[in-house]
$ cat protein.csv   # CSV, C-alpha atoms and all ligand atoms
chain,number,residue,atom,x,y,z
Y,827,MET,CA,120.8,34.2,98.1
Y,828,ASN,CA,123.9,32.0,97.9
Y,829,GLU,CA,126.1,35.0,98.0
Y,830,LEU,CA,125.1,35.8,101.6
Y,831,ASN,CA,127.4,34.5,104.3
Y,832,PRO,CA,125.2,32.6,106.7
Y,833,PRO,CA,125.9,33.5,110.3
Y,834,VAL,CA,126.6,30.1,111.7
Y,835,GLY,CA,127.6,29.3,115.2
Y,836,ASP,CA,126.5,29.0,118.7
Y,837,GLN,CA,126.1,32.6,119.7
Y,838,SER,CA,123.8,34.1,122.3
Y,839,VAL,CA,124.7,37.8,122.2
Y,840,LEU,CA,122.0,40.2,120.9
Y,841,THR,CA,123.7,42.3,118.3
Y,842,ARG,CA,120.9,44.5,117.0
Y,843,GLY,CA,119.3,47.4,118.7
Y,844,VAL,CA,115.7,48.2,119.7
Y,845,ASP,CA,115.1,50.3,116.6
Y,846,ALA,CA,116.0,47.5,114.1
Y,847,PRO,CA,113.1,45.9,112.3
Y,848,ILE,CA,111.5,42.5,113.0
Y,849,GLY,CA,111.9,40.0,110.2
Y,850,ILE,CA,108.9,37.8,109.4
Y,851,PHE,CA,109.2,34.9,107.0
Y,852,ASP,CA,106.7,32.5,105.4
Y,853,SER,CA,106.6,30.3,102.3
Y,854,GLY,CA,104.2,32.8,100.9
Y,855,PHE,CA,101.1,34.6,102.1
Y,856,GLY,CA,100.0,32.7,105.3
Y,857,GLY,CA,102.6,34.5,107.4
Y,858,LEU,CA,100.7,37.8,106.7
Y,859,THR,CA,98.2,36.6,109.3
Y,860,VAL,CA,101.1,36.6,111.8
Y,861,ALA,CA,102.4,39.9,110.6
Y,862,ARG,CA,98.9,41.4,111.0
Y,863,ALA,CA,98.7,40.2,114.6
Y,864,VAL,CA,102.2,41.6,115.2
Y,865,TRP,CA,101.2,45.0,113.8
Y,866,ASP,CA,98.1,45.0,116.0
Y,867,GLN,CA,100.0,44.1,119.2
Y,868,LEU,CA,103.2,46.1,118.4
Y,869,PRO,CA,102.2,49.0,116.1
Y,870,ALA,CA,105.5,50.8,116.6
Y,871,GLU,CA,107.7,48.0,115.2
Y,872,ASP,CA,109.2,48.2,111.7
Y,873,VAL,CA,108.7,44.9,109.9
Y,874,ILE,CA,110.3,43.3,107.0
Y,875,TYR,CA,108.2,40.5,105.6
Y,876,LEU,CA,109.6,37.8,103.2
Y,877,GLY,CA,107.4,35.4,101.3
Y,878,ASP,CA,109.1,32.7,99.3
Y,879,THR,CA,106.3,32.7,96.8
Y,880,ALA,CA,108.5,31.5,93.9
Y,881,ARG,CA,108.9,28.1,95.7
Y,882,ALA,CA,105.6,27.9,97.7
Y,883,PRO,CA,103.7,25.9,98.7
Y,884,TYR,CA,106.1,24.2,101.1
Y,885,GLY,CA,103.4,21.9,102.5
Y,886,PRO,CA,103.9,19.1,99.9
Y,887,LEU,CA,107.7,19.3,99.9
Y,888,PRO,CA,110.1,16.9,101.7
Y,889,ILE,CA,111.1,18.4,105.1
Y,890,SER,CA,114.8,18.5,104.0
Y,891,GLN,CA,113.9,20.7,101.1
Y,892,VAL,CA,111.7,23.0,103.3
Y,893,ARG,CA,114.7,23.3,105.7
Y,894,GLU,CA,117.1,24.4,102.9
Y,895,TYR,CA,114.6,27.0,101.6
Y,896,ALA,CA,113.7,28.2,105.0
Y,897,LEU,CA,117.4,28.7,106.1
Y,898,GLU,CA,118.1,30.6,102.9
Y,899,CYS,CA,115.2,33.0,103.6
Y,900,LEU,CA,116.1,33.4,107.2
Y,901,ASP,CA,119.7,34.1,106.2
Y,902,LEU,CA,118.5,36.9,103.9
Y,903,LEU,CA,116.3,38.5,106.6
Y,904,TYR,CA,119.1,38.2,109.1
Y,905,ALA,CA,121.5,39.9,106.7
Y,906,SER,CA,119.1,42.8,106.4
Y,907,GLY,CA,119.7,43.7,110.0
Y,908,VAL,CA,116.6,42.5,111.8
Y,909,LYS,CA,116.6,42.3,115.6
Y,910,ALA,CA,114.4,39.2,115.7
Y,911,LEU,CA,113.4,36.5,113.3
Y,912,VAL,CA,109.8,35.2,113.2
Y,913,ILE,CA,109.2,31.9,111.4
Y,914,ALA,CA,105.6,32.5,110.5
Y,915,CYS,CA,105.1,29.2,108.8
Y,916,ASN,CA,104.3,25.9,110.5
Y,917,SER,CA,106.0,23.8,107.8
Y,918,ALA,CA,109.2,25.9,108.0
Y,919,SER,CA,109.1,26.0,111.8
Y,920,SER,CA,108.8,22.2,111.8
Y,921,ALA,CA,111.8,21.9,109.5
Y,922,VAL,CA,114.2,24.3,111.3
Y,923,LEU,CA,112.9,24.2,114.9
Y,924,ARG,CA,116.0,22.5,116.2
Y,925,ASP,CA,118.8,24.5,114.7
Y,926,ALA,CA,117.5,28.0,113.8
Y,927,ARG,CA,118.2,29.2,117.4
Y,928,GLU,CA,121.8,28.1,117.2
Y,929,ARG,CA,122.3,29.6,113.8
Y,930,TYR,CA,121.4,33.2,114.6
Y,931,ASP,CA,122.4,35.6,117.4
Y,932,VAL,CA,119.0,37.3,117.5
Y,933,PRO,CA,115.8,35.9,119.0
Y,934,VAL,CA,114.1,33.3,116.8
Y,935,ILE,CA,110.3,32.9,117.4
Y,936,GLU,CA,108.4,30.2,115.7
Y,937,VAL,CA,104.8,29.0,115.6
Y,938,ILE,CA,104.7,25.4,116.9
Y,939,LEU,CA,105.6,25.7,120.6
Y,940,PRO,CA,103.4,28.7,121.4
Y,941,ALA,CA,100.4,27.1,119.7
Y,942,ALA,CA,101.0,23.7,121.4
Y,943,ARG,CA,101.4,25.4,124.8
Y,944,ARG,CA,98.1,27.2,124.4
Y,945,ALA,CA,96.2,24.1,123.2
Y,946,VAL,CA,97.4,22.2,126.3
Y,947,LYS,CA,96.1,25.0,128.5
Y,948,MET,CA,92.8,25.1,126.7
Y,949,THR,CA,91.8,21.4,126.5
Y,950,ARG,CA,89.5,19.9,129.1
Y,951,SER,CA,89.1,16.4,127.6
Y,952,GLY,CA,92.7,16.0,126.6
Y,953,GLU,CA,91.7,15.3,123.0
Y,954,VAL,CA,93.5,17.9,120.9
Y,955,GLY,CA,93.5,18.1,117.1
Y,956,VAL,CA,95.9,19.8,114.8
Y,957,ILE,CA,95.2,20.6,111.1
Y,958,CYS,CA,98.2,21.3,109.0
Y,959,THR,CA,100.2,20.6,105.8
Y,960,ALA,CA,101.7,17.3,104.9
Y,961,ALA,CA,105.2,18.7,105.7
Y,962,THR,CA,104.2,19.7,109.3
Y,963,ALA,CA,102.4,16.3,109.8
Y,964,MET,CA,105.4,14.3,108.6
Y,965,SER,CA,107.8,16.2,110.8
Y,966,GLN,CA,105.7,15.3,113.9
Y,967,SER,CA,106.7,18.6,115.4
Y,968,TYR,CA,103.4,19.0,117.2
Y,969,ASP,CA,103.6,15.4,118.5
Y,970,ASP,CA,107.1,16.2,119.8
Y,971,ALA,CA,105.9,19.4,121.4
Y,972,MET,CA,103.2,17.6,123.4
Y,973,ALA,CA,104.8,14.2,123.9
Y,974,ALA,CA,105.8,15.0,127.5
Y,975,VAL,CA,102.3,16.3,128.6
Y,976,PRO,CA,100.4,13.7,130.5
Y,977,GLY,CA,96.7,13.2,129.6
Y,978,VAL,CA,96.9,14.9,126.2
Y,979,ARG,CA,96.3,12.9,123.0
Y,980,LEU,CA,97.1,14.7,119.7
Y,981,HIS,CA,95.1,13.8,116.6
Y,982,THR,CA,96.5,15.1,113.3
Y,983,ALA,CA,94.6,15.8,110.0
Y,984,THR,CA,96.4,17.1,106.9
Y,985,CYS,CA,94.3,19.5,104.9
Y,986,PRO,CA,96.3,19.9,101.6
Y,987,LEU,CA,93.6,21.9,99.7
Y,988,PHE,CA,93.0,24.6,102.2
Y,989,VAL,CA,96.1,26.7,101.3
Y,990,ASP,CA,95.0,26.9,97.7
Y,991,TYR,CA,91.4,27.9,98.6
Y,992,VAL,CA,92.7,30.7,100.9
Y,993,GLU,CA,95.1,32.0,98.3
Y,994,ARG,CA,92.2,32.2,95.8
Y,995,GLY,CA,90.3,34.2,98.3
Y,996,VAL,CA,87.7,31.4,98.8
Y,997,THR,CA,86.8,31.0,102.5
Y,998,GLY,CA,83.3,29.6,102.1
Y,999,GLY,CA,80.7,28.1,99.7
Y,1000,PRO,CA,79.4,24.6,99.3
Y,1001,GLU,CA,82.5,23.1,97.7
Y,1002,LEU,CA,84.9,24.2,100.5
Y,1003,LEU,CA,82.3,23.3,103.1
Y,1004,ASP,CA,82.3,19.8,101.7
Y,1005,VAL,CA,86.1,19.6,101.8
Y,1006,ALA,CA,86.2,20.9,105.4
Y,1007,ARG,CA,83.6,18.4,106.5
Y,1008,ARG,CA,85.7,15.6,105.0
Y,1009,TYR,CA,89.0,16.8,106.6
Y,1010,LEU,CA,87.5,17.3,110.0
Y,1011,ALA,CA,85.3,14.1,110.2
Y,1012,GLN,CA,87.9,12.0,112.0
Y,1013,LEU,CA,88.7,14.8,114.5
Y,1014,GLN,CA,85.0,15.1,115.3
Y,1015,PHE,CA,84.7,11.4,115.6
Y,1016,VAL,CA,87.4,11.2,118.3
Y,1017,GLY,CA,85.8,14.2,120.0
Y,1018,VAL,CA,88.6,16.8,120.0
Y,1019,ASP,CA,87.6,19.8,122.2
Y,1020,THR,CA,90.6,22.0,121.0
Y,1021,LEU,CA,91.9,22.4,117.5
Y,1022,ILE,CA,95.2,23.9,116.6
Y,1023,LEU,CA,95.2,25.8,113.2
Y,1024,GLY,CA,98.6,24.5,112.4
Y,1025,CYS,CA,99.1,26.4,109.2
Y,1026,THR,CA,99.3,30.2,109.1
Y,1027,HIS,CA,96.8,30.3,106.2
Y,1028,TYR,CA,94.1,28.8,108.3
Y,1029,PRO,CA,93.1,31.7,110.5
Y,1030,LEU,CA,91.4,33.0,107.4
Y,1031,LEU,CA,89.1,29.9,107.6
Y,1032,THR,CA,88.1,30.5,111.2
Y,1033,GLY,CA,84.5,31.1,110.3
Y,1034,LEU,CA,84.3,27.9,108.3
Y,1035,LEU,CA,86.0,25.8,110.9
Y,1036,SER,CA,83.8,27.1,113.7
Y,1037,TYR,CA,80.7,26.5,111.5
Y,1038,VAL,CA,81.7,22.9,110.9
Y,1039,LEU,CA,82.9,22.1,114.4
Y,1040,GLY,CA,80.5,24.1,116.5
Y,1041,ASP,CA,81.0,26.1,119.7
Y,1042,GLY,CA,82.2,23.2,121.7
Y,1043,VAL,CA,85.6,23.2,120.0
Y,1044,THR,CA,88.1,25.9,120.9
Y,1045,LEU,CA,90.2,27.0,117.9
Y,1046,VAL,CA,93.9,27.9,118.7
Y,1047,SER,CA,95.5,30.0,116.0
Y,1048,SER,CA,99.2,29.4,115.6
Y,1049,SER,CA,99.4,32.9,114.1
Y,1050,GLU,CA,97.9,34.7,117.1
Y,1051,GLU,CA,99.9,32.6,119.6
Y,1052,CYS,CA,103.1,33.3,117.6
Y,1053,ALA,CA,102.4,37.1,117.7
Y,1054,LYS,CA,101.9,37.0,121.5
Y,1055,GLN,CA,105.2,35.2,121.8
Y,1056,VAL,CA,106.9,37.9,119.7
Y,1057,TYR,CA,105.5,40.5,122.1
Y,1058,ALA,CA,106.6,38.6,125.2
Y,1059,GLU,CA,110.1,37.9,124.0
Y,1060,LEU,CA,110.8,41.4,122.8
Y,1061,THR,CA,109.5,42.8,126.0
Y,1062,ASP,CA,111.5,40.4,128.2
Y,1063,LEU,CA,114.6,41.3,126.3
Y,1064,GLY,CA,114.1,45.0,126.3
Y,1065,LEU,CA,113.8,45.0,122.5
Y,1066,ALA,CA,110.2,46.3,122.2
Y,1067,ARG,CA,110.0,49.7,120.5
Y,1068,GLU,CA,108.4,52.8,122.1
Y,1069,SER,CA,104.9,53.5,120.8
Y,1070,ASP,CA,105.6,57.1,119.5
Y,1071,HIS,CA,106.9,55.6,116.3
Y,1072,ALA,CA,104.6,54.6,113.4
Y,1073,GLY,CA,105.9,51.2,112.3
Y,1074,ARG,CA,107.0,50.9,108.7
Y,1075,ARG,CA,106.4,47.8,106.6
Y,1076,ARG,CA,108.5,46.4,103.8
Y,1077,PHE,CA,107.6,43.4,101.8
Y,1078,LEU,CA,110.0,41.1,100.0
Y,1079,THR,CA,109.0,38.3,97.7
Y,1080,THR,CA,110.9,35.8,95.6
Y,1081,GLY,CA,108.1,35.8,93.1
Y,1082,ASP,CA,106.1,38.4,91.3
Y,1083,PRO,CA,105.6,41.6,93.3
Y,1084,THR,CA,102.3,42.5,91.6
Y,1085,ARG,CA,100.8,39.1,92.3
Y,1086,PHE,CA,102.1,39.4,95.9
Y,1087,SER,CA,100.4,42.7,96.5
Y,1088,GLY,CA,97.2,41.5,94.9
Y,1089,ILE,CA,96.8,38.3,96.9
Y,1090,GLY,CA,98.2,39.9,100.1
Y,1091,ARG,CA,95.7,42.7,99.9
Y,1092,ARG,CA,92.9,40.2,99.4
Y,1093,LEU,CA,94.0,38.1,102.4
Y,1094,ILE,CA,94.6,40.8,105.0
Y,1095,GLY,CA,92.5,43.7,103.6
Y,1096,THR,CA,95.4,46.1,103.7
Y,1097,GLU,CA,97.3,47.7,100.9
Y,1098,LEU,CA,100.8,46.2,100.7
Y,1099,ASP,CA,103.0,49.1,99.5
Y,1100,ALA,CA,106.6,48.7,98.8
Y,1101,VAL,CA,106.7,45.1,97.6
Y,1102,GLU,CA,110.2,44.3,96.3
Y,1103,GLN,CA,111.5,41.2,94.5
Y,1104,VAL,CA,114.5,39.5,95.9
Y,1105,VAL,CA,116.6,37.5,93.5
Y,1106,GLY,CA,119.0,34.7,94.0
Y,1107,ALA,CA,118.9,31.1,94.8
Y,1108,ALA,CA,115.2,31.4,95.7
Y,1109,GLN,CA,114.4,31.8,92.0
Y,1110,GLY,CA,115.6,28.3,91.3
A,1,LIG,N1,101.6,28.8,105.8
A,1,LIG,C1,102.3,27.6,105.7
A,1,LIG,C2,102.3,26.9,107.1
A,1,LIG,O1,102.0,27.5,108.1
A,1,LIG,C3,101.9,26.6,104.7
A,1,LIG,C4,101.8,27.1,103.3
A,1,LIG,C5,102.6,26.2,102.3
A,1,LIG,O2,102.2,25.0,102.1
A,1,LIG,O3,103.5,26.8,101.8
A,1,LIG,O4,102.6,25.7,107.2
$ encode --input "protein.csv" --output "structure tokens" --more "lines below"
Ligand code: DGL
Amino acid sequence: MNELNPPVGDQSVLTRGVDAPIGIFDSGFGGLTVARAVWDQLPAEDVIYLGDTARAPYGPLPISQVREYALECLDLLYASGVKALVIACNSASSAVLRDARERYDVPVIEVILPAARRAVKMTRSGEVGVICTAATAMSQSYDDAMAAVPGVRLHTATCPLFVDYVERGVTGGPELLDVARRYLAQLQFVGVDTLILGCTHYPLLTGLLSYVLGDGVTLVSSSEECAKQVYAELTDLGLARESDHAGRRRFLTTGDPTRFSGIGRRLIGTELDAVEQVVGAAQG
């Protein structure tokens, strides 16, 4: 991907038309939960999805490394002519939140702020939890997003094993239940009434999380909130496509396309046709 010229600069003009696709990016597979929500809400949109599976998971990486990888991937999607960029990964959103909007002249939608905003609306006690990767926790992006909100206290728990379970297709069973109880114990102890699923893999664990936390805790999916934000921004900007078009889907991966389709199908229950491998710096 080094050969691409990154579109750097403080530009604010929308250069792509309504019929251009939406670009959705994640470190790997979790962003498919965002893509699925976007397809449900905006079925007429063409989507190009890029998963940087050759370098995933991002969660354990230093934030500077995540930033470098994320911008390479976003540059690639931008160069393919998308009308909007969706950062469907909390770790990547945390890493590039501050500068992605200056770098591209198309709308950039990420997962952190929509999820934080929804959690603030939902909480009654003011005790809000977020579960996420180490990269997201280290970046303190959720803390920053809520810092100015009076009466809200954020409690963070990193859940490093969840991504691996989800990618193996394991969303239940005694072993995972035990892991979840350990991860969530402190959040239960402080009495959170709202929990942000601060990793786009975690919506696939909604049943497990509700089972452990019970009905008294509202779950806020960063994937679902991000998709609503995509809808809102495209509509506000006059960039949402008319509904007589059947949206096309194209999948790009920096890793093995066969593995990508296999895991992707298992995660979102849909055939992923047309998976292409993209080569370049992402292979390193
Ligand atoms: N889905 C990514 C997120 O939302 C995490 C997966 C990874 O560690 O690469 O943070």
$ atom_distance --input "protein.csv" --atom1 "atom CA of Y:Gly1040" --atom2 "atom N1 of ligand LIG 1 (chain A)"
24.1 Å
$ residues_near_ligand --input "protein.csv" --ligand "ligand LIG 1 (chain A)" --cutoff "9 Å" --atoms "only C-alpha atoms and all ligand atoms" --output "PyMOL selection string"
chain Y and resi 852-857+878-879+881-887+914-920+937+958-962+986+989-990+1023-1028+1048-1049
$ write_last_selection --input "protein.csv" --atoms "C-alpha atoms" --output "compact mmCIF listing (two decimals), in the coordinates of the input"
# COMPACT_ATOMS: atom_id res chain seq x y z
CA ASP Y 852 106.70 32.50 105.40
CA SER Y 853 106.60 30.30 102.30
CA GLY Y 854 104.20 32.80 100.90
CA PHE Y 855 101.10 34.60 102.10
CA GLY Y 856 100.00 32.70 105.30
CA GLY Y 857 102.60 34.50 107.40
CA ASP Y 878 109.10 32.70 99.30
CA THR Y 879 106.30 32.70 96.80
CA ARG Y 881 108.90 28.10 95.70
CA ALA Y 882 105.60 27.90 97.70
CA PRO Y 883 103.70 25.90 98.70
CA TYR Y 884 106.10 24.20 101.10
CA GLY Y 885 103.40 21.90 102.50
CA PRO Y 886 103.90 19.10 99.90
CA LEU Y 887 107.70 19.30 99.90
CA ALA Y 914 105.60 32.50 110.50
CA CYS Y 915 105.10 29.20 108.80
CA ASN Y 916 104.30 25.90 110.50
CA SER Y 917 106.00 23.80 107.80
CA ALA Y 918 109.20 25.90 108.00
CA SER Y 919 109.10 26.00 111.80
CA SER Y 920 108.80 22.20 111.80
CA VAL Y 937 104.80 29.00 115.60
CA CYS Y 958 98.20 21.30 109.00
CA THR Y 959 100.20 20.60 105.80
CA ALA Y 960 101.70 17.30 104.90
CA ALA Y 961 105.20 18.70 105.70
CA THR Y 962 104.20 19.70 109.30
CA PRO Y 986 96.30 19.90 101.60
CA VAL Y 989 96.10 26.70 101.30
CA ASP Y 990 95.00 26.90 97.70
CA LEU Y 1023 95.20 25.80 113.20
CA GLY Y 1024 98.60 24.50 112.40
CA CYS Y 1025 99.10 26.40 109.20
CA THR Y 1026 99.30 30.20 109.10
CA HIS Y 1027 96.80 30.30 106.20
CA TYR Y 1028 94.10 28.80 108.30
CA SER Y 1048 99.20 29.40 115.60
CA SER Y 1049 99.40 32.90 114.10
$ closest_residue --input "protein.csv" --among "Y:Ile889, Y:Leu1093, Y:Val864, Y:Val954" --to "Y:Gly1017" --atoms "all atoms listed in the file"
Y:Val954
$ closest_atom_pairs --input "protein.csv" --of "stretch 985-1014 of chain Y" --to "stretch 1080-1090 of chain Y" --cutoff "12 Å" --atoms "only C-alpha atoms" --output "CSV"
residue,atom,partner,partner_atom,distance
Y:Asp990,CA,Y:Ile1089,CA,11.6
Y:Tyr991,CA,Y:Ile1089,CA,11.8
Y:Val992,CA,Y:Ile1089,CA,9.5
Y:Glu993,CA,Y:Ile1089,CA,6.7
Y:Arg994,CA,Y:Ile1089,CA,7.7
Y:Gly995,CA,Y:Ile1089,CA,7.8
Y:Val996,CA,Y:Ile1089,CA,11.6
$ atom_distance --input "protein.csv" --atom1 "atom CA of Y:Ser965" --atom2 "atom CA of Y:Ala921"
7.1 Å
$ closest_residue --input "protein.csv" --among "Y:Leu902, Y:Ala861, Y:Ala983, Y:Ile913" --to "Y:Ile957" --atoms "only C-alpha atoms"
Y:Ala983
$ closest_residue --input "protein.csv" --among "Y:Pro869, Y:Gly952, Y:Gly1095, Y:Gly1042" --to "Y:Tyr1057" --atoms "all atoms listed in the file"
Y:Pro869
$ closest_residue --input "protein.csv" --among "Y:Val912, Y:Ala963, Y:Leu980, Y:Cys1052" --to "Y:Ala896" --atoms "all atoms listed in the file"
Y:Val912
$ closest_residue --input "protein.csv" --among "Y:Met964, Y:Gln1103, Y:Thr1032, Y:Val978" --to "Y:Val892" --atoms "all atoms listed in the file"
Y:Met964
$ residues_near_point --input "protein.csv" --point "(98.5, 21.4, 124.6)" --cutoff "10 Å" --atoms "all atoms listed in the file" --output "MDAnalysis selection string"
chainID Y and resid 939:949 952:955 968:969 971:973 975:980 1020:1022 1046
$ residues_around --input "protein.csv" --residues "stretch 998-1000 of chain Y" --least-positions-apart "5" --cutoff "12 Å" --atoms "all atoms listed in the file" --output "list in words"
Phe988, Tyr991, Val992, Val1005, Ala1006, Arg1007, Leu1030, Leu1031, Thr1032, Gly1033, Leu1034, Leu1035, Ser1036, Tyr1037 and Val1038 of chain Y
$ build_atoms --input "protein.csv" --residues "stretch 897-906 of chain Y" --atoms "all heavy atoms" --output "PDB file, keeping the file's coordinate frame"
ATOM      1  N   LEU Y 897     116.101  28.148 105.599  1.00  0.00           N
ATOM      2  CA  LEU Y 897     117.400  28.700 106.100  1.00  0.00           C
ATOM      3  C   LEU Y 897     117.877  29.802 105.128  1.00  0.00           C
ATOM      4  O   LEU Y 897     118.414  30.831 105.555  1.00  0.00           O
ATOM      5  CB  LEU Y 897     118.395  27.657 106.368  1.00  0.00           C
ATOM      6  CG  LEU Y 897     118.069  26.747 107.566  1.00  0.00           C
ATOM      7  CD1 LEU Y 897     119.119  25.650 107.726  1.00  0.00           C
ATOM      8  CD2 LEU Y 897     117.940  27.529 108.883  1.00  0.00           C
ATOM      9  N   GLU Y 898     117.724  29.585 103.841  1.00  0.00           N
ATOM     10  CA  GLU Y 898     118.100  30.600 102.900  1.00  0.00           C
ATOM     11  C   GLU Y 898     117.352  31.918 103.122  1.00  0.00           C
ATOM     12  O   GLU Y 898     117.920  33.012 103.113  1.00  0.00           O
ATOM     13  CB  GLU Y 898     117.840  30.163 101.441  1.00  0.00           C
ATOM     14  CG  GLU Y 898     118.879  29.235 100.869  1.00  0.00           C
ATOM     15  CD  GLU Y 898     118.520  28.793  99.457  1.00  0.00           C
ATOM     16  OE1 GLU Y 898     117.611  29.373  98.846  1.00  0.00           O
ATOM     17  OE2 GLU Y 898     119.167  27.860  98.985  1.00  0.00           O
ATOM     18  N   CYS Y 899     116.054  31.777 103.338  1.00  0.00           N
ATOM     19  CA  CYS Y 899     115.200  33.000 103.600  1.00  0.00           C
ATOM     20  C   CYS Y 899     115.552  33.646 104.871  1.00  0.00           C
ATOM     21  O   CYS Y 899     115.637  34.879 104.956  1.00  0.00           O
ATOM     22  CB  CYS Y 899     113.738  32.581 103.517  1.00  0.00           C
ATOM     23  SG  CYS Y 899     113.188  32.128 101.864  1.00  0.00           S
ATOM     24  N   LEU Y 900     115.772  32.840 105.902  1.00  0.00           N
ATOM     25  CA  LEU Y 900     116.100  33.400 107.200  1.00  0.00           C
ATOM     26  C   LEU Y 900     117.475  34.097 107.145  1.00  0.00           C
ATOM     27  O   LEU Y 900     117.678  35.160 107.737  1.00  0.00           O
ATOM     28  CB  LEU Y 900     116.077  32.339 108.294  1.00  0.00           C
ATOM     29  CG  LEU Y 900     114.671  31.811 108.620  1.00  0.00           C
ATOM     30  CD1 LEU Y 900     114.750  30.545 109.465  1.00  0.00           C
ATOM     31  CD2 LEU Y 900     113.834  32.871 109.347  1.00  0.00           C
ATOM     32  N   ASP Y 901     118.405  33.516 106.399  1.00  0.00           N
ATOM     33  CA  ASP Y 901     119.700  34.100 106.200  1.00  0.00           C
ATOM     34  C   ASP Y 901     119.564  35.530 105.567  1.00  0.00           C
ATOM     35  O   ASP Y 901     120.222  36.497 105.941  1.00  0.00           O
ATOM     36  CB  ASP Y 901     120.631  33.287 105.331  1.00  0.00           C
ATOM     37  CG  ASP Y 901     121.169  32.054 106.058  1.00  0.00           C
ATOM     38  OD1 ASP Y 901     120.959  31.925 107.274  1.00  0.00           O
ATOM     39  OD2 ASP Y 901     121.810  31.220 105.382  1.00  0.00           O
ATOM     40  N   LEU Y 902     118.688  35.588 104.574  1.00  0.00           N
ATOM     41  CA  LEU Y 902     118.500  36.900 103.900  1.00  0.00           C
ATOM     42  C   LEU Y 902     117.895  37.909 104.822  1.00  0.00           C
ATOM     43  O   LEU Y 902     118.375  39.051 104.856  1.00  0.00           O
ATOM     44  CB  LEU Y 902     117.481  36.629 102.708  1.00  0.00           C
ATOM     45  CG  LEU Y 902     117.158  37.883 101.929  1.00  0.00           C
ATOM     46  CD1 LEU Y 902     118.151  38.057 100.787  1.00  0.00           C
ATOM     47  CD2 LEU Y 902     115.751  37.866 101.381  1.00  0.00           C
ATOM     48  N   LEU Y 903     116.916  37.515 105.609  1.00  0.00           N
ATOM     49  CA  LEU Y 903     116.300  38.500 106.600  1.00  0.00           C
ATOM     50  C   LEU Y 903     117.366  38.885 107.607  1.00  0.00           C
ATOM     51  O   LEU Y 903     117.468  40.056 107.961  1.00  0.00           O
ATOM     52  CB  LEU Y 903     115.119  37.851 107.259  1.00  0.00           C
ATOM     53  CG  LEU Y 903     113.789  37.902 106.511  1.00  0.00           C
ATOM     54  CD1 LEU Y 903     112.714  37.177 107.299  1.00  0.00           C
ATOM     55  CD2 LEU Y 903     113.350  39.346 106.241  1.00  0.00           C
ATOM     56  N   TYR Y 904     118.123  37.905 108.092  1.00  0.00           N
ATOM     57  CA  TYR Y 904     119.100  38.200 109.100  1.00  0.00           C
ATOM     58  C   TYR Y 904     120.141  39.232 108.533  1.00  0.00           C
ATOM     59  O   TYR Y 904     120.499  40.204 109.200  1.00  0.00           O
ATOM     60  CB  TYR Y 904     119.881  36.924 109.513  1.00  0.00           C
ATOM     61  CG  TYR Y 904     120.954  37.184 110.530  1.00  0.00           C
ATOM     62  CD1 TYR Y 904     120.670  37.172 111.890  1.00  0.00           C
ATOM     63  CD2 TYR Y 904     122.258  37.471 110.130  1.00  0.00           C
ATOM     64  CE1 TYR Y 904     121.647  37.451 112.829  1.00  0.00           C
ATOM     65  CE2 TYR Y 904     123.242  37.753 111.062  1.00  0.00           C
ATOM     66  CZ  TYR Y 904     122.938  37.741 112.411  1.00  0.00           C
ATOM     67  OH  TYR Y 904     123.909  38.026 113.331  1.00  0.00           O
ATOM     68  N   ALA Y 905     120.542  39.003 107.286  1.00  0.00           N
ATOM     69  CA  ALA Y 905     121.500  39.900 106.700  1.00  0.00           C
ATOM     70  C   ALA Y 905     120.968  41.308 106.462  1.00  0.00           C
ATOM     71  O   ALA Y 905     121.726  42.257 106.294  1.00  0.00           O
ATOM     72  CB  ALA Y 905     121.974  39.321 105.320  1.00  0.00           C
ATOM     73  N   SER Y 906     119.656  41.461 106.509  1.00  0.00           N
ATOM     74  CA  SER Y 906     119.100  42.800 106.400  1.00  0.00           C
ATOM     75  C   SER Y 906     119.014  43.542 107.695  1.00  0.00           C
ATOM     76  O   SER Y 906     118.449  44.635 107.756  1.00  0.00           O
ATOM     77  CB  SER Y 906     117.733  42.741 105.659  1.00  0.00           C
ATOM     78  OG  SER Y 906     116.822  42.096 106.491  1.00  0.00           O
TER      79      SER Y 906
END
